[in-house]
$ cat final-v2.txt   # compact mmCIF, C-alpha atoms
# COMPACT_ATOMS: atom_id res chain seq x y z
CA MET A 147 0.00 0.00 0.00
CA ILE A 148 2.92 2.36 0.53
CA VAL A 149 3.61 2.18 -3.22
CA PHE A 150 0.24 3.80 -3.96
CA GLY A 151 1.11 6.62 -1.57
CA ILE A 152 4.50 7.17 -3.19
CA ILE A 153 3.05 7.20 -6.71
CA GLY A 154 0.29 9.58 -5.58
CA MET A 155 2.87 11.85 -3.97
CA VAL A 156 4.91 11.96 -7.17
CA VAL A 157 1.79 12.84 -9.15
CA GLY A 158 1.00 15.59 -6.63
CA ILE A 159 4.53 16.96 -6.80
CA ILE A 160 4.20 17.17 -10.59
CA CYS A 161 0.64 18.57 -10.69
CA LEU A 162 0.98 21.34 -8.12
CA PRO A 163 3.67 23.37 -9.96
CA LEU A 164 1.86 22.79 -13.26
CA VAL A 165 -1.33 24.25 -11.77
CA GLY A 166 0.74 27.23 -10.64
CA ILE A 167 1.98 27.74 -14.20
CA ALA A 168 -1.55 27.29 -15.56
CA PHE A 169 -2.67 30.13 -13.28
CA LEU A 170 -1.03 32.58 -15.71
CA PRO A 171 -3.26 34.33 -18.25
CA LEU A 172 -4.05 32.37 -21.42
CA LEU A 173 -2.85 29.10 -19.87
CA GLY A 174 -6.00 28.25 -17.92
CA TRP A 175 -6.97 25.60 -20.47
CA ALA A 176 -4.14 23.44 -19.13
CA ASN A 177 -6.17 22.88 -15.96
CA TRP A 178 -8.52 20.66 -17.99
CA ILE A 179 -5.55 18.31 -18.43
CA ILE A 180 -3.96 18.71 -15.00
CA ILE A 181 -7.06 18.26 -12.80
CA PRO A 182 -7.81 14.66 -13.92
CA PHE A 183 -4.20 13.68 -13.16
CA ALA A 184 -4.51 15.32 -9.74
CA VAL A 185 -7.70 13.33 -9.12
CA LEU A 186 -5.81 10.15 -10.04
CA GLY A 187 -3.07 11.11 -7.56
CA LEU A 188 -5.73 11.78 -4.93
CA VAL A 189 -7.22 8.32 -5.44
CA LEU A 190 -3.78 6.74 -5.20
CA GLY A 191 -3.11 8.74 -2.04
CA ILE A 192 -6.37 7.51 -0.54
CA LEU A 193 -5.37 3.92 -1.34
CA GLY A 194 -2.06 4.51 0.48
CA ILE A 195 -3.58 6.48 3.37
CA ARG A 196 -1.83 4.37 6.02
CA SER A 197 1.56 5.77 5.03
CA THR A 198 3.08 9.22 5.27
CA PRO A 199 3.50 9.56 1.47
CA GLY A 200 -0.21 8.80 1.12
CA ILE A 201 -1.14 11.66 3.42
CA ILE A 202 1.24 14.00 1.59
CA ALA A 203 -0.26 12.89 -1.74
CA ILE A 204 -3.76 13.70 -0.53
CA SER A 205 -2.64 17.17 0.57
CA LEU A 206 -0.76 18.01 -2.64
CA CYS A 207 -3.40 16.68 -5.01
CA SER A 208 -6.25 18.31 -3.09
CA ALA A 209 -4.45 21.65 -3.27
CA ALA A 210 -3.87 21.20 -7.01
CA ILE A 211 -7.54 20.37 -7.59
CA VAL A 212 -8.82 23.33 -5.56
CA ILE A 213 -6.44 25.81 -7.22
CA GLY A 214 -7.22 24.42 -10.68
CA ILE A 215 -10.98 24.64 -10.19
CA PHE A 216 -10.63 28.14 -8.78
CA ARG A 217 -8.64 29.20 -11.84
CA LEU A 218 -11.20 27.66 -14.19
CA THR A 219 -14.01 29.58 -12.49
CA LEU A 220 -12.04 32.82 -12.84
CA GLY A 221 -11.59 32.28 -16.57
CA GLY A 222 -15.08 31.03 -17.22
CA GLY A 223 -13.79 27.51 -17.84
CA ILE A 224 -11.87 28.30 -21.00
CA ILE A 225 -9.05 30.80 -20.65

$ encode --input "final-v2.txt" --output "structure tokens"
Amino acid sequence: MIVFGIIGMVVGIICLPLVGIAFLPLLGWANWIIIPFAVLGLVLGILGIRSTPGIIAISLCSAAIVIGIFRLTLGGGII
């Protein structure tokens, strides 16, 4: 189960900076690609919840999802 947590943490580490980059103007469309990967990392983190990497994965991926959805609402879902 720790493997799921580690994989989820790696996905979260990748998605969070990408969501930060997608926060820039005219790059909001990238959130449509990043959010599903963050959801996958969240699911993997939930499967590895009994380990520290699993908890970190849940935190990182949840932050990426919330920031990505916030950015999509600011741009009307497109920009």

$ residues_around --input "final-v2.txt" --residues "Gly223 (chain A)" --least-positions-apart "4" --cutoff "10 Å" --atoms "all atoms listed in the file" --output "ChimeraX atom specification"
/A:174-175,177-178,215-219

$ closest_residue --input "final-v2.txt" --among "A:Ala168, A:Ile195, A:Ile211, A:Leu220" --to "Met147 (chain A)" --atoms "all atoms listed in the file"
A:Ile195

$ closest_residue --input "final-v2.txt" --among "A:Phe150, A:Val212, A:Gly221, A:Arg196" --to "Ala184 (chain A)" --atoms "all atoms listed in the file"
A:Val212

$ atom_distance --input "final-v2.txt" --atom1 "CA of Ala210 (chain A)" --atom2 "CA of Gly191 (chain A)"
13.4 Å

$ closest_residue --input "final-v2.txt" --among "A:Gly158, A:Pro163, A:Gly151, A:Pro182" --to "Gly194 (chain A)" --atoms "all atoms listed in the file"
A:Gly151

$ closest_residue --input "final-v2.txt" --among "A:Gly214, A:Val149, A:Cys207, A:Gly222" --to "Phe169 (chain A)" --atoms "all atoms listed in the file"
A:Gly214

$ residues_around --input "final-v2.txt" --residues "Ile152 (chain A)" --least-positions-apart "4" --cutoff "10 Å" --atoms "all atoms listed in the file" --output "VMD selection string"
chain A and resid 147 to 148 156 to 158 187 190 to 191 194 197 to 203

$ axis_aligned_box --input "final-v2.txt" --around "region 155-159 of chain A" --padding-each-side "5 Å" --output "lines of an AutoDock Vina configuration file"
center_x = 3.0
center_y = 14.4
center_z = -6.6
size_x = 13.9
size_y = 15.1
size_z = 15.2

$ atom_distance --input "final-v2.txt" --atom1 "CA of Ile167 (chain A)" --atom2 "CA of Leu188 (chain A)"
20.0 Å

$ atom_distance --input "final-v2.txt" --atom1 "CA of Ile181 (chain A)" --atom2 "CA of Met155 (chain A)"
14.8 Å
